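Some notes on the structure that comes next.
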Amino acid sequence: FAFRKHEMAFAMTTAAAATAGAASSVAGSLSSRTRGQATFARATAGARPRSRGALAVRAAKGDVLLEVHDLCAKVAETGEMILNGVTLTIKEGETHAIMGKNGSGKSTFTKVLVGHPSYEVTAGTAAFKGQDLFAMAPEERARLGLFLSFQSPVEVPGVSNTDFLRMMCNERRKAQGKVELDPLEFYGFLTPKLDQLNMDPSFLSRNVNEGFSGGEKKRNEILQLAVLESEMSILDEIDSGLDVDALRDVAAAVNVLKEGDKGLLLITHYRRLLDAITPDYVHVMEKGKIVQTGDISIAAQLEEGGFASLV
């Protein structure tokens, strides 16, 4: 029960405030439970060998958005090590995908990046836009432009989608030094994004994710991304629970949202998502490390022969 309360606190803070800094307005006292910062030991800089044990991933487009080096993390409550030296660099305009077996550390990696309190960083570094990610509270990371879509979005009873989205939008705008949008201005800002996602405007009057189907929740996550216009987006199994039509709509929206110098990291088990949102790099995670990197052909190989085919 205590763990689930912690999960809800984090989810509400990250999906609203830790995704846009609105925790004090939406979650009130919950924000204090999710601001615990991970402790970490800085790893020394040096050569990053491209070995199966500790693969260094380098990209080659724009400026570096996200740079992770030798990241190790454990479950705070039990001490179980999950991440064992993740190194990854994502530059502006790049799309990366991480694939791997269940329990390989994919989702843990995303949660550590946004500051989930259930995990403790034990070694390594992570920088976003050149700033130390682990020195920031979750909502500060979000205000800077880091977004995580949840694998299983939670319901937030009593908070309408419209109010939720406008708070998120205005917190992000304030962080960027922009003028906040009033309700009428926000509706004008939001309407084309609803059209882009093929979402019924009635979604706006419903409470956040309350009574939503799995596909509706995933669309709502992408709508939040569209509203925030974050520079670096992490989508954790955004394709799970989507039928063919919903996947097409979500993928089309994501492809538009990632245009230009935006960075994107996809977590998925399936090639079908990567056929719809083509990655520049596909990484395979195993036992808390990235052990192999290539192009989309890796996904095809996994689909045909499983993970054993990569050995």
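By order of appearance in the structure tokens: chains A, B, ..., then residues from 1 within every chain, and ligands from 1 in the order shown.
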Each stretch 108-189 of chain A residue no farther than 12 Å from stretch 288-294 of chain A, nearest pair in Å, only C-alpha atoms, as CSV:
residue,atom,partner,partner_atom,distance
A:Thr108,CA,A:Gly288,CA,8.9
A:Phe109,CA,A:Gly288,CA,8.3
A:Thr110,CA,A:Gly288,CA,11.9
Output as a compact mmCIF listing (two decimals) with C-alpha atoms, in the first residue's frame all residues of stretch 40-272 of chain A that backbone DSSP marks as helix (DSSP H, G or I).
# COMPACT_ATOMS: atom_id res chain seq x y z
CA LYS A 106 14.41 -0.49 -19.74
CA SER A 107 11.61 1.10 -17.71
CA THR A 108 13.84 1.56 -14.67
CA PHE A 109 16.24 3.55 -16.86
CA THR A 110 13.46 5.94 -17.91
CA LYS A 111 12.22 6.39 -14.34
CA VAL A 112 15.69 7.11 -13.01
CA LEU A 113 16.14 9.81 -15.64
CA VAL A 114 13.01 11.67 -14.51
CA LEU A 133 20.06 15.90 -14.23
CA PHE A 134 20.50 14.38 -10.77
CA ALA A 135 20.87 17.79 -9.15
CA PRO A 138 11.56 15.88 -11.02
CA GLU A 139 9.52 18.98 -11.84
CA GLU A 140 12.68 20.97 -12.58
CA ARG A 141 13.73 18.35 -15.12
CA ALA A 142 10.32 18.62 -16.74
CA ARG A 143 10.36 22.42 -16.85
CA LEU A 144 13.69 22.13 -18.64
CA ASN A 161 -8.23 17.22 -18.49
CA THR A 162 -8.60 20.85 -19.52
CA ASP A 163 -7.41 22.24 -16.18
CA PHE A 164 -4.65 19.65 -15.99
CA LEU A 165 -3.32 20.42 -19.47
CA ARG A 166 -3.53 24.19 -19.07
CA MET A 167 -1.63 24.08 -15.75
CA MET A 168 1.04 21.96 -17.39
CA CYS A 169 1.26 24.26 -20.36
CA ASN A 170 1.48 27.44 -18.28
CA GLU A 171 4.09 26.04 -15.89
CA ARG A 172 6.26 25.18 -18.88
CA ARG A 173 5.64 28.59 -20.46
CA LYS A 174 6.62 30.35 -17.23
CA ALA A 175 9.86 28.38 -17.14
CA PRO A 183 -8.66 29.52 -20.87
CA LEU A 184 -9.81 30.91 -24.23
CA GLU A 185 -6.29 31.26 -25.58
CA PHE A 186 -5.42 27.79 -24.38
CA TYR A 187 -8.42 26.26 -26.13
CA GLY A 188 -7.24 27.85 -29.39
CA PHE A 189 -3.77 26.44 -28.73
CA LEU A 190 -5.12 22.97 -27.91
CA THR A 191 -7.72 22.44 -30.65
CA PRO A 192 -5.30 21.70 -33.53
CA LYS A 193 -3.43 19.26 -31.30
CA LEU A 194 -6.67 17.35 -30.66
CA ASP A 195 -7.26 17.20 -34.40
CA GLN A 196 -3.73 15.97 -34.94
CA LEU A 197 -4.29 13.09 -32.51
CA PRO A 201 -12.95 17.24 -27.74
CA SER A 202 -15.16 15.59 -25.10
CA PHE A 203 -11.89 14.23 -23.63
CA LEU A 204 -11.25 17.69 -22.24
CA SER A 205 -14.24 17.68 -19.91
CA GLY A 214 -5.90 1.79 -22.60
CA GLY A 215 -5.72 3.40 -26.02
CA GLU A 216 -7.34 6.61 -24.78
CA LYS A 217 -4.80 6.87 -21.97
CA LYS A 218 -1.93 6.54 -24.43
CA ARG A 219 -3.42 9.20 -26.69
CA ASN A 220 -3.79 11.44 -23.66
CA GLU A 221 -0.10 10.97 -22.86
CA ILE A 222 0.84 12.10 -26.35
CA LEU A 223 -1.57 15.03 -26.04
CA GLN A 224 0.37 16.07 -22.92
CA LEU A 225 3.59 15.86 -24.93
CA ALA A 226 2.05 17.98 -27.68
CA VAL A 227 0.97 20.62 -25.15
CA LEU A 228 4.35 20.75 -23.39
CA VAL A 244 -3.97 -0.68 -35.45
CA ASP A 245 -5.90 2.58 -35.91
CA ALA A 246 -4.82 4.03 -32.57
CA LEU A 247 -1.18 3.13 -33.23
CA ARG A 248 -1.36 4.85 -36.60
CA ASP A 249 -2.79 8.04 -35.08
CA VAL A 250 -0.33 8.11 -32.19
CA ALA A 251 2.65 7.39 -34.46
CA ALA A 252 1.59 10.11 -36.90
CA ALA A 253 1.36 12.63 -34.06
CA VAL A 254 4.72 11.59 -32.60
CA ASN A 255 6.39 11.88 -36.02
CA VAL A 256 5.15 15.47 -36.28
CA LEU A 257 6.12 16.31 -32.69
CA ARG A 271 8.97 -3.85 -34.47
CA ARG A 272 5.55 -2.50 -35.45
TODO: Write out as a PyMOL selection string all residues of stretch 149-292 of chain A that backbone DSSP assigns to strand (DSSP E).
DONE: chain A and resi 149+156-160+207-208+232-236+263-267+281-286+289-292
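The residue that comes closest to A:His96, out of A:Asp280, A:Glu303, A:Glu77, A:Glu286 and on the basis of only C-alpha atoms, is A:Asp280.
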- [ ] Select, from A:Met99, A:Ala126, A:Gln131, A:Glu210, the residue with the minimum atom-to-atom distance to A:Tyr270, counting only C-alpha atoms.
- [x] A:Met99
Task: Counting only C-alpha atoms, the option among A:Thr89, A:Thr122, A:Ser160, A:Gln176 closest to A:Gly263 - done: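 Comparing A:Thr89, A:Thr122, A:Ser160, A:Gln176 against A:Gly263, the winner is A:Thr89.
Reported to one decimal place, the separation of atom CA of A:Gln301 from atom CA of A:Glu94 is 22.0 Å.
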Task: For atom CA of A:Pro117 and atom CA of A:Gly79, the interatomic separation in Å (one decimal) - done: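 Spanning atom CA of A:Pro117 to atom CA of A:Gly79 is a straight-line distance of 13.1 Å.
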Task: Closest of A:Ile267, A:Gly100, A:Ala123, A:Thr95 to A:Leu302 - atom-to-atom distances counting only C-alpha atoms - done: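 Checking each of A:Ile267, A:Gly100, A:Ala123, A:Thr95 against A:Leu302, counting only C-alpha atoms, the winner is A:Gly100.
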Task: For A:Thr78: contacts at 10 Å, only C-alpha atoms, fewer than 3 positions along chain excluded, given as a count of residues only - done: 5
Using only C-alpha atoms, which protein or nucleic acid residues come within 7 Å of A:Val156? Drop anything in the same chain fewer than 3 positions from it, and give the result as a PDB file with C-alpha atoms, in the first residue's frame.
ATOM      1  CA  VAL A 159      -9.071  17.028 -12.024  1.00  0.00           C
ATOM      2  CA  ASN A 207     -11.222  13.744 -15.420  1.00  0.00           C
ATOM      3  CA  VAL A 208      -7.612  12.839 -16.172  1.00  0.00           C
ATOM      4  CA  ASN A 209      -7.566   9.241 -17.468  1.00  0.00           C
ATOM      5  CA  GLU A 210     -10.654   8.378 -15.400  1.00  0.00           C
TER       6      GLU A 210
END
Task: Atom pair atom CA of A:Cys72 / atom CA of A:Glu120: separation (Å) - done: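 These two atoms are separated by 8.6 Å.
The shortest atom-to-atom distance to A:Lys262, with only C-alpha atoms taken into account, belongs to A:Asp63 out of A:Asp239, A:Asp63, A:Glu155, A:Asp275.
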Open item on the list: I'd like the neighbourhood of A:Ile234 as a PyMOL selection string, where a residue qualifies if any of its atoms comes within 7 Å (using only C-alpha atoms), though same-chain residues fewer than 4 positions away should be ignored.
Closed with: chain A and resi 147-149+264-266
